[in-house]
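Text of the file work.txt, holding compact mmCIF, C-alpha atoms and all ligand atoms:
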```
# COMPACT_ATOMS: atom_id res chain seq x y z
CA MET E 1 71.78 14.57 167.22
CA LYS E 2 70.52 17.65 168.96
CA LEU E 3 70.43 17.53 172.75
CA PRO E 4 67.53 19.21 174.55
CA ALA E 5 68.47 22.68 175.73
CA LYS E 6 67.72 21.77 179.35
CA LEU E 7 70.28 19.01 179.31
CA LEU E 8 72.92 21.20 177.73
CA ALA E 9 72.42 23.89 180.34
CA ARG E 10 72.99 21.36 183.10
CA GLU E 11 76.11 20.03 181.47
CA PRO E 12 78.61 20.97 184.25
CA GLU E 13 76.83 18.76 186.74
CA PHE E 14 77.31 15.71 184.59
CA LYS E 15 81.05 16.09 184.67
CA ALA E 16 82.93 14.10 187.24
CA PRO E 17 83.81 16.52 190.03
CA ALA E 18 87.51 15.98 189.51
CA HIS E 19 87.27 17.41 185.99
CA HIS E 20 86.63 20.86 187.27
CA THR E 21 88.80 23.86 186.59
CA GLY E 22 88.87 24.69 190.33
CA VAL E 23 90.45 21.32 191.01
CA THR E 24 92.84 21.72 188.10
CA SER E 25 93.93 25.14 189.36
CA ARG E 26 94.48 23.97 192.88
CA VAL E 27 96.45 20.85 191.96
CA GLY E 28 98.24 23.00 189.38
CA THR E 29 99.29 25.45 192.08
CA TRP E 30 100.74 22.65 194.21
CA LEU E 31 102.46 21.24 191.14
CA GLY E 32 103.84 24.69 190.33
CA ILE E 33 105.40 24.79 193.79
CA THR E 34 106.94 21.29 193.63
CA PHE E 35 108.19 21.87 190.08
CA GLY E 36 109.64 25.23 191.08
CA LEU E 37 111.50 23.74 194.04
CA CYS E 38 112.68 20.83 191.94
CA PHE E 39 113.94 23.12 189.16
CA VAL E 40 115.82 25.53 191.42
CA THR E 41 117.46 22.78 193.51
CA GLY E 42 118.28 20.91 190.30
CA LEU E 43 120.04 23.97 188.89
CA ILE E 44 122.00 24.28 192.12
CA SER E 45 123.01 20.64 192.00
CA HIS E 46 124.10 20.93 188.39
CA GLY E 47 125.96 24.17 189.03
CA VAL E 48 127.84 22.88 192.05
CA GLN E 49 129.04 19.89 190.05
CA HIS E 50 130.20 22.24 187.31
CA ASP E 51 132.37 24.76 189.12
CA TRP E 52 129.84 27.19 190.51
CA PRO E 53 131.20 29.13 193.46
CA TRP E 54 129.87 27.21 196.44
CA PRO E 55 130.49 27.75 200.17
CA THR E 56 132.00 25.20 202.56
CA ARG E 57 129.32 26.01 205.18
CA PRO E 58 126.75 25.02 206.27
CA VAL E 59 128.18 21.52 205.93
CA ASP E 60 124.71 20.11 205.17
CA LEU E 61 123.58 22.69 202.62
CA TYR E 62 124.12 20.48 199.56
CA ARG E 63 122.49 17.61 201.38
CA VAL E 64 119.40 19.77 201.96
CA THR E 65 119.17 21.14 198.41
CA GLN E 66 119.63 17.66 196.99
CA GLY E 67 117.06 16.24 199.42
CA VAL E 68 114.53 18.91 198.44
CA HIS E 69 115.19 18.09 194.78
CA VAL E 70 114.40 14.41 195.20
CA ILE E 71 111.44 14.92 197.55
CA SER E 72 109.81 17.61 195.40
CA GLY E 73 110.36 15.38 192.35
CA VAL E 74 108.68 12.42 194.04
CA ALA E 75 105.79 14.64 195.18
CA SER E 76 105.36 15.88 191.61
CA ILE E 77 104.53 12.42 190.27
CA PRO E 78 101.10 11.93 191.92
CA LEU E 79 100.39 15.64 191.49
CA LEU E 80 101.08 15.50 187.77
CA LEU E 81 98.91 12.41 187.39
CA ALA E 82 96.08 14.07 189.33
CA LYS E 83 96.38 17.20 187.25
CA LEU E 84 96.23 15.26 183.99
CA TRP E 85 93.28 13.29 185.30
CA SER E 86 91.48 16.53 186.11
CA VAL E 87 91.93 17.91 182.60
CA TYR E 88 91.99 14.82 180.47
CA PRO E 89 88.56 15.32 178.84
CA LYS E 90 89.94 18.66 177.59
CA LEU E 91 93.10 17.13 176.17
CA PHE E 92 90.99 15.33 173.59
CA GLU E 93 88.55 18.17 173.01
CA ARG E 94 87.43 18.76 169.43
CA PRO E 95 88.21 20.63 167.32
CA LEU E 96 91.86 19.96 168.10
CA ILE E 97 92.82 23.34 166.71
CA ARG E 98 90.64 26.43 166.75
CA ASN E 99 92.98 29.24 165.83
CA VAL E 100 96.66 30.10 165.96
CA PRO E 101 96.93 31.12 169.63
CA HIS E 102 94.88 28.08 170.60
CA ALA E 103 97.16 25.82 168.52
CA LEU E 104 100.27 27.32 170.12
CA GLU E 105 98.83 26.88 173.58
CA ARG E 106 98.00 23.24 172.93
CA ALA E 107 101.44 22.58 171.47
CA SER E 108 103.07 24.11 174.53
CA ILE E 109 100.92 21.94 176.78
CA PHE E 110 101.93 18.77 174.97
CA VAL E 111 105.59 19.74 175.15
CA LEU E 112 105.13 20.48 178.85
CA ILE E 113 103.50 17.12 179.55
CA ALA E 114 106.05 15.13 177.55
CA ALA E 115 109.03 16.96 179.05
CA SER E 116 107.61 16.68 182.58
CA PHE E 117 107.15 12.94 182.23
CA PHE E 118 110.66 12.63 180.87
CA GLU E 119 112.09 14.48 183.88
CA LEU E 120 110.11 12.58 186.49
CA VAL E 121 110.72 9.16 184.95
CA THR E 122 114.44 9.64 184.28
CA GLY E 123 114.86 11.20 187.74
CA LEU E 124 113.15 8.26 189.39
CA PHE E 125 115.16 5.69 187.47
CA ASN E 126 118.35 7.55 188.21
CA ALA E 127 117.50 7.58 191.91
CA ALA E 128 116.92 3.84 191.67
CA GLN E 129 120.36 3.66 190.05
CA ASN E 130 119.17 2.10 186.93
CA TYR E 131 120.04 3.35 183.50
CA PRO E 132 117.95 1.64 180.84
CA TRP E 133 118.92 4.26 178.27
CA SER E 134 122.02 5.19 176.39
CA PHE E 135 122.11 8.98 176.69
CA TYR E 136 124.12 10.57 179.46
CA PHE E 137 121.64 11.21 182.27
CA PRO E 138 122.85 14.55 183.72
CA THR E 139 123.00 16.31 180.35
CA ALA E 140 119.60 15.12 179.18
CA HIS E 141 117.88 15.63 182.54
CA TYR E 142 119.38 19.12 182.77
CA ALA E 143 118.51 20.16 179.20
CA VAL E 144 114.92 18.93 179.40
CA ALA E 145 114.47 20.77 182.73
CA TRP E 146 114.78 24.01 180.76
CA ILE E 147 112.12 22.85 178.32
CA VAL E 148 109.79 22.12 181.24
CA ALA E 149 110.52 25.51 182.82
CA GLY E 150 109.97 27.38 179.54
CA SER E 151 106.74 25.65 178.57
CA LEU E 152 105.49 25.88 182.16
CA LEU E 153 105.97 29.64 182.18
CA VAL E 154 104.04 29.95 178.90
CA HIS E 155 101.32 27.71 180.31
CA ILE E 156 100.97 29.72 183.53
CA ALA E 157 101.02 33.05 181.69
CA VAL E 158 98.20 31.87 179.40
CA LYS E 159 96.16 30.49 182.27
CA ILE E 160 96.50 33.26 184.85
CA PRO E 161 93.03 34.77 184.24
CA LEU E 162 91.44 31.33 184.42
CA ILE E 163 93.43 30.36 187.53
CA ARG E 164 92.33 33.57 189.25
CA ARG E 165 88.69 32.95 188.50
CA THR E 166 88.64 29.27 189.37
CA LEU E 167 90.43 29.60 192.68
CA GLU E 168 87.56 31.70 193.96
CA PRO E 169 85.07 29.82 196.16
CA ALA E 170 82.72 27.71 194.04
CA SER E 171 78.98 27.60 194.48
CA GLU E 172 77.28 24.23 194.04
CA GLU E 173 77.48 22.39 197.39
CA LYS E 174 77.30 18.84 196.09
CA THR E 175 80.20 19.03 193.67
CA ILE E 176 82.30 21.07 196.07
CA LEU E 177 82.31 18.17 198.51
CA SER E 178 83.45 15.59 195.99
CA ARG E 179 85.98 18.04 194.61
CA ARG E 180 87.35 18.41 198.11
CA ALA E 181 87.50 14.64 198.37
CA PHE E 182 89.53 14.49 195.16
CA LEU E 183 91.91 17.17 196.40
CA ARG E 184 92.25 15.40 199.73
CA THR E 185 93.03 12.11 198.01
CA THR E 186 95.63 13.85 195.87
CA ALA E 187 97.24 15.45 198.91
CA LEU E 188 97.21 12.16 200.77
CA THR E 189 98.73 10.20 197.89
CA THR E 190 101.44 12.82 197.53
CA GLY E 191 102.15 12.69 201.26
CA VAL E 192 102.40 8.91 201.21
CA ALA E 193 104.73 8.98 198.19
CA VAL E 194 106.99 11.46 199.97
CA VAL E 195 107.04 9.65 203.30
CA ALA E 196 107.63 6.31 201.61
CA THR E 197 110.75 7.55 199.88
CA ALA E 198 112.15 10.52 201.82
CA GLY E 199 114.00 8.22 204.25
CA VAL E 200 116.80 8.00 201.70
CA THR E 201 117.78 11.49 202.71
CA VAL E 202 115.90 12.43 205.91
CA PRO E 203 117.37 10.49 208.87
CA TRP E 204 114.26 10.37 211.11
CA LEU E 205 112.14 9.02 208.25
CA ARG E 206 114.55 6.20 207.53
CA ASN E 207 112.56 3.56 209.39
CA VAL E 208 109.20 4.64 207.95
CA SER E 209 110.24 4.81 204.32
CA ALA E 210 109.17 1.42 203.06
CA LEU E 211 110.14 2.20 199.49
CA ALA E 212 113.41 3.96 200.22
CA TRP E 213 115.76 2.47 197.69
CA ARG E 214 118.67 2.37 200.09
CA SER E 215 118.80 0.15 203.14
CA PRO E 216 118.91 1.87 206.51
CA GLY E 217 121.98 1.68 208.70
CA ALA E 218 125.23 1.26 206.85
CA LEU E 219 126.55 3.97 204.57
CA PRO E 220 125.57 2.98 201.02
CA VAL E 221 128.23 2.30 198.42
CA ASN E 222 127.82 4.19 195.22
CA ARG E 223 130.38 2.58 192.93
CA THR E 224 131.98 -0.61 194.20
CA ALA E 225 135.71 -1.24 193.91
CA LYS E 226 134.90 -4.16 191.63
CA ALA E 227 132.78 -2.02 189.30
CA ALA E 228 135.58 0.54 189.19
CA ASN E 229 138.27 -2.15 188.60
CA ILE E 230 140.30 -1.04 191.58
CA VAL E 231 143.51 -2.89 192.36
CA VAL E 232 145.53 -1.35 195.17
CA PRO E 233 149.26 -1.96 194.53
CA ARG E 234 151.20 -3.51 197.44
CA ASP E 235 153.62 -0.60 197.36
CA TRP E 236 150.82 2.01 197.23
CA ARG E 237 151.93 5.55 198.08
CA LEU E 238 150.18 8.89 198.04
CA ASN E 239 151.87 11.48 195.89
CA ALA E 240 151.29 14.98 197.23
CA GLY E 241 153.21 17.50 195.16
CA ALA E 242 156.91 16.80 195.66
CA LYS E 243 156.20 14.63 198.71
CA SER E 244 155.14 11.02 198.91
CA PHE E 245 153.54 9.12 201.80
CA SER E 246 153.01 5.45 202.57
CA LEU E 247 149.83 4.43 204.38
CA ALA E 248 151.91 4.03 207.55
CA ASP E 249 153.21 7.61 207.11
CA LEU E 250 149.64 8.90 206.84
CA ARG E 251 148.55 6.95 209.92
CA ALA E 252 151.46 8.42 211.87
CA MET E 253 150.40 12.01 211.10
CA PRO E 254 148.00 14.00 213.33
CA GLN E 255 144.50 12.58 212.82
CA THR E 256 141.24 14.53 212.75
CA THR E 257 137.74 13.12 213.20
CA VAL E 258 134.75 14.81 211.56
CA GLU E 259 131.08 14.02 211.14
CA LEU E 260 130.07 14.70 207.53
CA PRO E 261 127.45 13.46 205.09
CA ILE E 262 127.79 11.85 201.73
CA ALA E 263 125.01 13.44 199.66
CA CYS E 264 124.70 11.54 196.41
CA VAL E 265 123.13 13.20 193.38
CA GLU E 266 121.23 9.98 192.92
CA GLY E 267 119.05 10.84 195.87
CA TRP E 268 120.37 9.29 199.04
CA SER E 269 122.38 11.03 201.70
CA GLN E 270 123.81 9.87 204.97
CA ASN E 271 126.07 11.07 207.74
CA ALA E 272 129.16 9.20 208.86
CA THR E 273 132.19 9.71 211.07
CA TRP E 274 135.47 10.05 209.23
CA THR E 275 139.01 10.04 210.55
CA GLY E 276 142.14 10.97 208.65
CA VAL E 277 144.69 13.62 207.74
CA ARG E 278 143.71 17.19 206.89
CA ILE E 279 144.29 17.98 203.22
CA ALA E 280 145.74 21.31 204.38
CA ASP E 281 148.48 19.33 206.18
CA LEU E 282 149.42 17.51 202.99
CA VAL E 283 149.58 20.17 200.28
CA GLU E 284 150.32 23.86 199.85
CA LYS E 285 147.59 26.48 199.35
CA GLY E 286 145.71 26.40 196.05
CA ASP E 287 143.13 24.38 194.13
CA VAL E 288 143.96 20.71 194.42
CA ARG E 289 143.63 18.10 191.69
CA VAL E 290 142.61 14.81 193.31
CA GLU E 291 143.37 11.66 191.29
CA SER E 292 142.22 8.14 192.07
CA LEU E 293 143.41 4.63 191.20
CA GLU E 294 140.48 4.36 188.81
CA LYS E 295 141.64 4.08 185.20
CA ASP E 296 138.58 5.56 183.63
CA GLY E 297 135.15 6.50 184.89
CA LEU E 298 133.57 9.91 185.12
CA TYR E 299 134.49 10.50 188.73
CA ARG E 300 138.01 9.13 188.77
CA ALA E 301 139.46 12.60 189.43
CA THR E 302 138.13 15.90 190.74
CA THR E 303 139.32 19.39 191.55
CA LEU E 304 139.03 20.64 195.11
CA PRO E 305 138.81 24.45 195.26
CA GLU E 306 141.25 26.14 197.63
CA ALA E 307 138.56 27.13 200.16
CA PHE E 308 137.67 23.44 200.55
CA ALA E 309 141.28 22.23 200.52
CA GLN E 310 142.19 24.62 203.35
CA ASP E 311 139.06 23.88 205.39
CA PRO E 312 139.89 22.15 208.71
CA LEU E 313 137.02 19.68 208.11
CA THR E 314 138.36 18.51 204.76
CA LEU E 315 140.19 15.22 205.15
CA LEU E 316 141.96 12.52 203.34
CA ALA E 317 140.03 9.93 205.32
CA LEU E 318 141.61 6.64 206.39
CA GLN E 319 138.73 5.48 208.60
CA LEU E 320 134.95 5.34 208.46
CA ASP E 321 133.03 5.07 211.73
CA GLY E 322 136.19 4.11 213.62
CA GLU E 323 137.24 1.27 211.30
CA GLU E 324 139.78 1.21 208.52
CA LEU E 325 138.09 2.11 205.22
CA THR E 326 136.76 -0.85 203.29
CA LEU E 327 137.82 -1.17 199.68
CA ASP E 328 134.32 -0.19 198.54
CA HIS E 329 134.42 3.02 200.58
CA GLY E 330 137.76 4.05 199.12
CA TYR E 331 140.65 2.18 200.82
CA PRO E 332 143.46 3.15 201.27
CA CYS E 333 142.16 6.73 201.50
CA ARG E 334 139.39 8.92 200.19
CA LEU E 335 138.44 12.56 200.10
CA ILE E 336 135.74 13.88 202.42
CA ALA E 337 134.88 17.57 202.48
CA PRO E 338 132.02 19.61 203.99
CA ASN E 339 129.08 20.64 201.77
CA ARG E 340 130.41 18.84 198.71
CA PRO E 341 128.35 16.69 196.30
CA GLY E 342 128.91 12.95 196.80
CA VAL E 343 130.19 12.51 193.25
CA LEU E 344 133.12 14.76 194.09
CA GLN E 345 134.13 12.89 197.28
CA THR E 346 136.79 10.93 195.43
CA LYS E 347 137.61 7.40 196.62
CA TRP E 348 140.88 5.40 196.20
CA VAL E 349 142.97 8.59 196.12
CA THR E 350 146.46 8.20 194.75
CA SER E 351 147.65 11.78 194.22
CA LEU E 352 147.05 15.37 195.31
CA GLU E 353 148.46 18.05 193.05
CA VAL E 354 148.21 21.79 193.69
CA GLN E 355 147.23 23.43 190.44
CA ALA E 356 149.18 26.33 189.05
N1 LIG R 1 137.12 7.31 192.31
C1 LIG R 1 135.79 7.42 192.50
N2 LIG R 1 135.32 8.06 193.59
C2 LIG R 1 133.99 8.19 193.80
C3 LIG R 1 133.05 7.67 192.88
C4 LIG R 1 133.56 7.02 191.73
O1 LIG R 1 132.81 6.53 190.87
N3 LIG R 1 134.93 6.90 191.58
N4 LIG R 1 131.70 7.81 193.12
C5 LIG R 1 131.32 8.98 193.92
C6 LIG R 1 129.92 9.01 194.28
S1 LIG R 1 128.81 9.27 193.03
C7 LIG R 1 129.50 9.00 195.59
S2 LIG R 1 127.88 9.30 196.00
C8 LIG R 1 130.42 8.69 196.70
C9 LIG R 1 129.87 7.56 197.52
O2 LIG R 1 130.78 7.17 198.50
P1 LIG R 1 130.59 5.78 199.21
O3 LIG R 1 130.46 4.73 198.14
O4 LIG R 1 131.77 5.60 200.11
O5 LIG R 1 129.29 5.90 200.01
O6 LIG R 1 131.69 8.34 196.21
C10 LIG R 1 132.18 9.16 195.17
N5 LIG R 1 133.56 8.84 194.92
MO MO R 2 126.83 9.74 193.98
```
Structure rendered as structure tokens:
Amino acid sequence: MKLPAKLLAREPEFKAPAHHTGVTSRVGTWLGITFGLCFVTGLISHGVQHDWPWPTRPVDLYRVTQGVHVISGVASIPLLLAKLWSVYPKLFERPLIRNVPHALERASIFVLIAASFFELVTGLFNAAQNYPWSFYFPTAHYAVAWIVAGSLLVHIAVKIPLIRRTLEPASEEKTILSRRAFLRTTALTTGVAVVATAGVTVPWLRNVSALAWRSPGALPVNRTAKAANIVVPRDWRLNAGAKSFSLADLRAMPQTTVELPIACVEGWSQNATWTGVRIADLVEKGDVRVESLEKDGLYRATTLPEAFAQDPLTLLALQLDGEELTLDHGYPCRLIAPNRPGVLQTKWVTSLEVQA
């Protein structure tokens, strides 16, 4: 069927206002920012867990980078949905393939969409501490992040001329208003998603974050003693190089109290007050291997770089918030160091060994 020329010429007005390239570009710019933040902070988080040089100060730096990672990831979800909504008529445009560059561009977009969804969904599930899959989360989440980054760069490079043009002020009054409404709704939804979840890591939002997956107040427990099969022997002693200490010996040593956060890679972070013996008072200078009572488990042992081991804030903690550690928080003693990822704050410590 042949449409009358008049109708064809008016075609843009028949489109829903959200499906406008100006909207797509604007939401795309926001999404570029949240994805960028999420990628960079994700790389940092991955690097710090895998022996990147990392400072001991500021004590909250890792908490902040990890918080930005989770918040920018949450913000990306409504933004990605809005962006897809704004372009979806184009995704099914015919002909599917026009020429080679067009085919490559489309392929890169589908990779980008698939990889982005993978990252956001796995990230969200991980934050909710739920693993309904069998691959190892950090490796997969990390690898796919590079696919997102690569295909996103291609996508932006291809679209730069279009983005430039469409970000310029548009003309038709009527559609501009409803486009603005769409953008406002997108911004609002994103804001609500962030506020509803950010309390897991931002203290003053704790009471507003209805969906925060961690309860306010008490310090969360990541892995319980039961899950880790911890049995503390009656004659428990800490082995520290050639020396050995009973719990009573440790309690009799000079005690230090510090205020430090646990910043879990799974999204939550919280400050607490810790009391115990400085690691520097227990072992000689050097990188320290920290072993726990856990038989297996990915985080049963960690290495504490010398700068952290010698830091006056780094403790073998015996108390949390003025009370003896509970078994779930690492009784008889656990590591707590400034600016260190939660996964490396080893609980149920049984030996400290300076590495050669
Ligand atoms: N031995 C051991 N220590 C561990 C873990 C573990 O699985 N085993 N989990 C770590 C993780 S992922 C975090 S976030 C913190 C949480 O400490 P908490 O449970 O006292 O809040 O403990 C860390 N220490
Ligand atoms: Mo964690």
Open item on the list: So that I can see what lies close to Thr34 of chain E, please list as a list of chain:residue names the residues with an atom at most 7 Å from it, counting only C-alpha atoms and leaving out residues fewer than 3 positions away in the same chain.
Closed with: E:Trp30, E:Leu31, E:Leu37, E:Cys38, E:Ser72, E:Gly73, E:Ala75, E:Ser76
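Between atom CA of Leu183 of chain E and atom CA of Leu79 of chain E the separation is 9.9 Å.
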Open item on the list: Which residues are near Asp321 of chain E? Cut-off 8 Å, all atoms listed in the file, ignore same chain within fewer than 6 positions. Put them as a PyMOL selection string.
Closed with: chain E and resi 272-275
Any chance you can output those residues with C-alpha atoms as an mmCIF file, keeping the file's coordinate frame?
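Output file out_12.cif follows:
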```cif
data_model
loop_
_atom_site.group_PDB
_atom_site.id
_atom_site.type_symbol
_atom_site.label_atom_id
_atom_site.label_comp_id
_atom_site.auth_asym_id
_atom_site.auth_seq_id
_atom_site.Cartn_x
_atom_site.Cartn_y
_atom_site.Cartn_z
ATOM 1 C CA ALA E 272 129.160 9.200 208.860
ATOM 2 C CA THR E 273 132.190 9.710 211.070
ATOM 3 C CA TRP E 274 135.470 10.050 209.230
ATOM 4 C CA THR E 275 139.010 10.040 210.550
#
```
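Here atom CA of Phe245 of chain E is placed at a distance of 23.1 Å from atom CA of Tyr299 of chain E.
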Open item on the list: Within 6 Å of ligand MO 2 (chain R) (counting only C-alpha atoms and all ligand atoms), which residues show up? I'd like them as a list in words.
Closed with: Asn222, Cys264, Val265, Glu266, Gly342 and Val343 of chain E
TODO: Rank nothing, just name the residue among E:Asp51, E:Asp328, E:Glu323, E:Glu119 nearest to Val221 of chain E, using only C-alpha atoms.
DONE: E:Asp328
Sorted by chain and rising residue number, list the residues of chain E at most 9 Å from ligand LIG 1 (chain R) (counting only C-alpha atoms and all ligand atoms), each with its closest atom pair and distance in Å to one decimal, as a Markdown table.
```
| residue | atom | partner | partner_atom | distance |
| --- | --- | --- | --- | --- |
| E:Leu219 | CA | R:LIG1 | O5 | 5.7 |
| E:Pro220 | CA | R:LIG1 | O5 | 4.8 |
| E:Val221 | CA | R:LIG1 | O3 | 3.3 |
| E:Asn222 | CA | R:LIG1 | O3 | 4.0 |
| E:Arg223 | CA | R:LIG1 | O1 | 5.1 |
| E:Thr224 | CA | R:LIG1 | O3 | 6.8 |
| E:Ala225 | CA | R:LIG1 | N3 | 8.5 |
| E:Ala227 | CA | R:LIG1 | O1 | 8.7 |
| E:Ala228 | CA | R:LIG1 | O1 | 6.8 |
| E:Ile230 | CA | R:LIG1 | N1 | 9.0 |
| E:Ile262 | CA | R:LIG1 | S2 | 6.3 |
| E:Ala263 | CA | R:LIG1 | S2 | 6.2 |
| E:Cys264 | CA | R:LIG1 | S2 | 3.9 |
| E:Val265 | CA | R:LIG1 | S2 | 6.7 |
| E:Glu266 | CA | R:LIG1 | S2 | 7.4 |
| E:Gly267 | CA | R:LIG1 | S2 | 9.0 |
| E:Trp268 | CA | R:LIG1 | S2 | 8.1 |
| E:Ser269 | CA | R:LIG1 | S2 | 8.1 |
| E:Gln270 | CA | R:LIG1 | O5 | 8.4 |
| E:Glu291 | CA | R:LIG1 | N1 | 7.7 |
| E:Ser292 | CA | R:LIG1 | N1 | 5.2 |
| E:Leu293 | CA | R:LIG1 | N1 | 6.9 |
| E:Glu294 | CA | R:LIG1 | N1 | 5.7 |
| E:Asp296 | CA | R:LIG1 | N3 | 8.8 |
| E:Gly297 | CA | R:LIG1 | O1 | 6.4 |
| E:Leu298 | CA | R:LIG1 | O1 | 6.7 |
| E:Tyr299 | CA | R:LIG1 | N3 | 4.6 |
| E:Arg300 | CA | R:LIG1 | N1 | 4.1 |
| E:Ala301 | CA | R:LIG1 | N1 | 6.5 |
| E:Thr302 | CA | R:LIG1 | N1 | 8.8 |
| E:Leu320 | CA | R:LIG1 | O4 | 8.9 |
| E:Leu325 | CA | R:LIG1 | O4 | 8.8 |
| E:Thr326 | CA | R:LIG1 | O4 | 8.8 |
| E:Asp328 | CA | R:LIG1 | O3 | 6.3 |
| E:His329 | CA | R:LIG1 | O4 | 3.7 |
| E:Gly330 | CA | R:LIG1 | O4 | 6.3 |
| E:Arg334 | CA | R:LIG1 | N2 | 7.8 |
| E:Leu335 | CA | R:LIG1 | N5 | 8.0 |
| E:Pro341 | CA | R:LIG1 | S2 | 7.4 |
| E:Gly342 | CA | R:LIG1 | S2 | 3.9 |
| E:Val343 | CA | R:LIG1 | S1 | 3.5 |
| E:Leu344 | CA | R:LIG1 | C10 | 5.8 |
| E:Gln345 | CA | R:LIG1 | C10 | 4.7 |
| E:Thr346 | CA | R:LIG1 | N2 | 3.7 |
| E:Lys347 | CA | R:LIG1 | N2 | 3.9 |
| E:Trp348 | CA | R:LIG1 | N1 | 5.7 |
| E:Val349 | CA | R:LIG1 | N1 | 7.1 |
```
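Atom pair atom CA of Arg180 of chain E / atom CA of Gly22 of chain E has a distance of 10.1 Å (rounded to one decimal).
For the set E:Arg63, E:Val202, E:Leu238, E:His20, the residue with the smallest atom-to-atom gap to Val48 of chain E is E:Arg63, counting all atoms listed in the file.
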Because some atoms of segment 81-86 of chain E are absent here, can you restore all heavy atoms and send them as a compact mmCIF listing (two decimals), in the coordinates of the input?
```txt
# COMPACT_ATOMS: atom_id res chain seq x y z
N LEU E 81 99.94 13.36 187.82
CA LEU E 81 98.91 12.41 187.39
C LEU E 81 97.51 12.95 187.73
O LEU E 81 96.60 12.90 186.90
CB LEU E 81 99.13 11.04 188.04
CG LEU E 81 100.41 10.33 187.58
CD1 LEU E 81 100.60 9.02 188.36
CD2 LEU E 81 100.40 10.05 186.08
N ALA E 82 97.38 13.52 188.93
CA ALA E 82 96.08 14.07 189.33
C ALA E 82 95.68 15.23 188.42
O ALA E 82 94.54 15.38 188.01
CB ALA E 82 96.13 14.53 190.79
N LYS E 83 96.67 16.04 188.09
CA LYS E 83 96.38 17.20 187.25
C LYS E 83 95.93 16.75 185.86
O LYS E 83 94.96 17.26 185.31
CB LYS E 83 97.64 18.07 187.15
CG LYS E 83 97.48 19.22 186.19
CD LYS E 83 97.84 20.51 186.86
CE LYS E 83 97.34 21.70 186.18
NZ LYS E 83 97.41 22.23 185.02
N LEU E 84 96.62 15.76 185.32
CA LEU E 84 96.23 15.26 183.99
C LEU E 84 94.84 14.64 184.05
O LEU E 84 94.03 14.82 183.15
CB LEU E 84 97.25 14.23 183.50
CG LEU E 84 98.58 14.83 183.08
CD1 LEU E 84 99.55 13.73 182.69
CD2 LEU E 84 98.40 15.81 181.91
N TRP E 85 94.60 13.91 185.14
CA TRP E 85 93.28 13.29 185.30
C TRP E 85 92.19 14.37 185.31
O TRP E 85 91.14 14.23 184.71
CB TRP E 85 93.26 12.47 186.59
CG TRP E 85 91.91 11.94 186.94
CD1 TRP E 85 91.13 12.31 187.99
CD2 TRP E 85 91.17 10.94 186.23
NE1 TRP E 85 89.97 11.62 187.98
CE2 TRP E 85 89.95 10.76 186.91
CE3 TRP E 85 91.42 10.18 185.08
CZ2 TRP E 85 88.98 9.87 186.50
CZ3 TRP E 85 90.45 9.28 184.66
CH2 TRP E 85 89.24 9.13 185.36
N SER E 86 92.49 15.49 185.99
CA SER E 86 91.48 16.53 186.11
C SER E 86 91.22 17.25 184.79
O SER E 86 90.18 17.85 184.62
CB SER E 86 91.87 17.54 187.19
OG SER E 86 92.87 18.42 186.70
```
